[in-house]
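Notes to accompany the following structure.
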Amino acid sequence: MFKKLFFAVSFLMVIAVSAQKKNDAELVTEASEKLRLAMVSGEQSALESLILPELTYGHSGGHIDDAKEFVDKLVTKKSDFVTIDITKQNVQIVGNTAIVRHHLYATTADLGKAPGDVSLDIVLVWVKMKKDWKLLARQAVKAK
C-alpha cells in the first residue's frame with residue numbers, strides 16, 4: 001500500500017514540475033512578445049518594465065548597449081523598428097533562467113538613415129524575478 005501511495009505522489013510531483021516548466025516557457029514566450037511590441041512602439045515604460053538594469057544588449061555590428069542606451073535609442077527613434085517579425089523561436093528553461101533563440105526580420109527607419117531591412121538571429125537571456133521574467137542579455141548576429 002505504501003509503495004502505491006509513494007508512486008502516486010511521485011507521479012503527481014513529476015506532473016506538477018512539468019506543468020510549471022511549461023507555464024514558465026509560456027510566460028517567457030509572452031515576455032518575448034511584449035518585448036517585440038515595445039521595441040516597435042518605443043514606449044519607454046513598456047521597455048523598462050521588461051529589462052533588468054544590468055541589461056547587456058549586443059548588436060550584430062558589435063556594439064553593446066547597456067539598459068539606458070537600449071531604451072534611449074528606441075524612445076528617441078535613433079533605433080526605430082517599424083516592424084519586427086519573429087520566426088523559429090525556441091525557449092529553453094534552466095532553473096530561473098530562460099534562453100530564447102529566434103530569427104528576427106525587421107524593417108527600420110532609424111533617425112538620420114534610409115529605411116532598411118534587417119535579418120538577424122537572436123539569443124535572449126531572461127531571468128525570473130519573483131513571478132516576472134526580465135531580460136538580462138540579448139545578442140544578435142547577421143543571419144546567413
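Residue numbering restarts at 1 in every chain; chains get A, B, ... in the order shown in the C-alpha cells, and ligands count up from 1 in that same order.
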
**Q.** Residues of stretch 17-131 of chain A in strand (DSSP E), written as a PyMOL selection string
**A.** chain A and resi 51-58+64-66+81-94+97-108+116-129

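Look at A:Ile122: the protein and nucleic acid residues within 10 Å of it, using only C-alpha atoms and passing over chain neighbours fewer than 6 places away, are Gly58, His59, Ser60, Ile86, Gln89, Val100, Arg101, His102, His103, Leu104, Arg138, Gln139, Ala140, Val141, Lys142 and Ala143 of chain A.
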
Next, dump the selected residues to file, keeping only N, CA, C and O atoms, as an mmCIF file, in the first residue's frame.
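After the write, part.cif holds the following:
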data_model
loop_
_atom_site.group_PDB
_atom_site.id
_atom_site.type_symbol
_atom_site.label_atom_id
_atom_site.label_comp_id
_atom_site.auth_asym_id
_atom_site.auth_seq_id
_atom_site.Cartn_x
_atom_site.Cartn_y
_atom_site.Cartn_z
ATOM 1 N N GLY A 58 23.589 43.275 -27.189
ATOM 2 C CA GLY A 58 24.584 43.221 -28.247
ATOM 3 C C GLY A 58 23.975 43.314 -29.631
ATOM 4 O O GLY A 58 23.037 42.597 -29.959
ATOM 5 N N HIS A 59 24.506 44.232 -30.416
ATOM 6 C CA HIS A 59 24.070 44.425 -31.802
ATOM 7 C C HIS A 59 24.897 43.539 -32.740
ATOM 8 O O HIS A 59 26.036 43.181 -32.432
ATOM 9 N N SER A 60 24.342 43.266 -33.906
ATOM 10 C CA SER A 60 25.025 42.405 -34.873
ATOM 11 C C SER A 60 26.322 43.032 -35.381
ATOM 12 O O SER A 60 27.218 42.319 -35.813
ATOM 13 N N ILE A 86 9.034 37.645 -35.890
ATOM 14 C CA ILE A 86 9.828 36.611 -35.231
ATOM 15 C C ILE A 86 9.417 35.245 -35.780
ATOM 16 O O ILE A 86 8.237 34.940 -35.882
ATOM 17 N N GLN A 89 11.215 30.392 -33.195
ATOM 18 C CA GLN A 89 11.532 30.641 -31.788
ATOM 19 C C GLN A 89 11.606 29.342 -30.995
ATOM 20 O O GLN A 89 10.776 28.466 -31.148
ATOM 21 N N VAL A 100 16.200 32.093 -25.066
ATOM 22 C CA VAL A 100 15.299 32.155 -26.214
ATOM 23 C C VAL A 100 16.135 32.414 -27.452
ATOM 24 O O VAL A 100 16.937 33.345 -27.482
ATOM 25 N N ARG A 101 15.951 31.594 -28.456
ATOM 26 C CA ARG A 101 16.591 31.810 -29.754
ATOM 27 C C ARG A 101 15.494 31.980 -30.786
ATOM 28 O O ARG A 101 14.495 31.270 -30.754
ATOM 29 N N HIS A 102 15.700 32.935 -31.681
ATOM 30 C CA HIS A 102 14.745 33.098 -32.775
ATOM 31 C C HIS A 102 15.391 33.864 -33.929
ATOM 32 O O HIS A 102 16.483 34.403 -33.803
ATOM 33 N N HIS A 103 14.675 33.855 -35.037
ATOM 34 C CA HIS A 103 15.074 34.653 -36.195
ATOM 35 C C HIS A 103 14.211 35.907 -36.200
ATOM 36 O O HIS A 103 13.002 35.837 -35.994
ATOM 37 N N LEU A 104 14.841 37.041 -36.411
ATOM 38 C CA LEU A 104 14.148 38.325 -36.452
ATOM 39 C C LEU A 104 14.309 38.923 -37.839
ATOM 40 O O LEU A 104 15.421 39.006 -38.364
ATOM 41 N N ARG A 138 20.947 40.145 -24.513
ATOM 42 C CA ARG A 138 20.485 39.905 -25.888
ATOM 43 C C ARG A 138 21.701 40.030 -26.790
ATOM 44 O O ARG A 138 22.532 40.929 -26.626
ATOM 45 N N GLN A 139 21.815 39.106 -27.744
ATOM 46 C CA GLN A 139 22.879 39.185 -28.748
ATOM 47 C C GLN A 139 22.315 38.865 -30.098
ATOM 48 O O GLN A 139 21.560 37.906 -30.253
ATOM 49 N N ALA A 140 22.656 39.678 -31.071
ATOM 50 C CA ALA A 140 22.217 39.474 -32.443
ATOM 51 C C ALA A 140 23.433 39.169 -33.320
ATOM 52 O O ALA A 140 24.519 39.681 -33.099
ATOM 53 N N VAL A 141 23.204 38.320 -34.312
ATOM 54 C CA VAL A 141 24.186 38.085 -35.364
ATOM 55 C C VAL A 141 23.457 38.147 -36.691
ATOM 56 O O VAL A 141 22.267 37.827 -36.775
ATOM 57 N N LYS A 142 24.159 38.580 -37.715
ATOM 58 C CA LYS A 142 23.546 38.635 -39.046
ATOM 59 C C LYS A 142 23.232 37.223 -39.516
ATOM 60 O O LYS A 142 24.068 36.337 -39.434
ATOM 61 N N ALA A 143 22.012 37.051 -39.996
ATOM 62 C CA ALA A 143 21.582 35.724 -40.470
ATOM 63 C C ALA A 143 22.232 35.421 -41.799
ATOM 64 O O ALA A 143 22.462 36.306 -42.620
#

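Computed from the coordinates, the atom CA of A:Lys68 to atom CA of A:Ala38 distance equals 14.8 Å.
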
Q: Have a look at atom CA of A:Ser49 and atom CA of A:Asp65 and let me know their distance in Å, one decimal.
A: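 Spanning atom CA of A:Ser49 to atom CA of A:Asp65 is a straight-line distance of 17.1 Å.
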
Q. Using only C-alpha atoms, which residues sit within 9 Å of A:Ser32 once same-chain residues fewer than 4 positions away are excluded, as a list in words?
A. Leu27, Val28, Arg36, Leu37, Leu50, Val100, Leu124 and Leu135 of chain A

Q. If you run DSSP on this backbone, which residues of stretch 5-131 of chain A come out as helix (DSSP H, G or I), and could you give them as a PyMOL selection string?
A. chain A and resi 5-41+44-50+67-75

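Across the structure, atom CA of A:Ser79 and atom CA of A:Leu111 are spaced 6.8 Å apart.
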
Q: Using only C-alpha atoms, determine which residues lie at most 10 Å from A:Gln92, disregarding the query and same-chain residues fewer than 5 positions distant; provide the list as a list in words.
A: Lys21, Asp24, Ala25, Val28, Thr97, Ala98, Ile99, Val100, Arg101 and Val125 of chain A

Q.
Taking 6 positions as the minimum chain separation for residues in the same chain, which residues sit within 12 Å of A:Val71 when counting only C-alpha atoms? Answer as a ChimeraX atom specification.
A. /A:35,38-53,55-57,65,77-80

Kindly save the residues from that selection, with C-alpha atoms included, as a tab-separated table (two decimals), in the first residue's frame.
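Contents of again.tsv, freshly written:
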chain	number	residue	atom	x	y	z
A	35	LEU	CA	9.49	42.99	-25.86
A	38	ALA	CA	7.69	47.53	-27.02
A	39	MET	CA	10.63	47.72	-29.43
A	40	VAL	CA	8.25	48.63	-32.26
A	41	SER	CA	6.31	51.18	-30.18
A	42	GLY	CA	9.37	52.69	-28.49
A	43	GLU	CA	7.28	53.17	-25.35
A	44	GLN	CA	9.72	53.85	-22.52
A	45	SER	CA	7.66	52.41	-19.65
A	46	ALA	CA	6.94	49.20	-21.58
A	47	LEU	CA	10.63	48.75	-22.41
A	48	GLU	CA	11.79	49.48	-18.86
A	49	SER	CA	9.25	47.06	-17.37
A	50	LEU	CA	10.79	44.15	-19.31
A	51	ILE	CA	14.50	44.61	-18.65
A	52	LEU	CA	16.96	44.45	-15.78
A	53	PRO	CA	19.23	47.43	-15.01
A	55	LEU	CA	21.00	44.51	-19.34
A	56	THR	CA	23.68	43.92	-21.95
A	57	TYR	CA	22.25	44.33	-25.46
A	65	ASP	CA	24.30	48.87	-25.24
A	77	LYS	CA	13.97	56.72	-32.68
A	78	LYS	CA	17.74	56.61	-33.16
A	79	SER	CA	16.93	52.91	-33.49
A	80	ASP	CA	13.43	52.66	-34.97

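The residue that comes closest to A:Gly116, out of A:Val82, A:Leu74, A:Ala31, A:Ile64 and on the basis of only C-alpha atoms, is A:Val82.
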
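Distances from A:Glu54, A:Glu33, A:Asp66, A:Asp117 to A:Thr87 were compared using only C-alpha atoms, and the smallest one belongs to A:Glu33.
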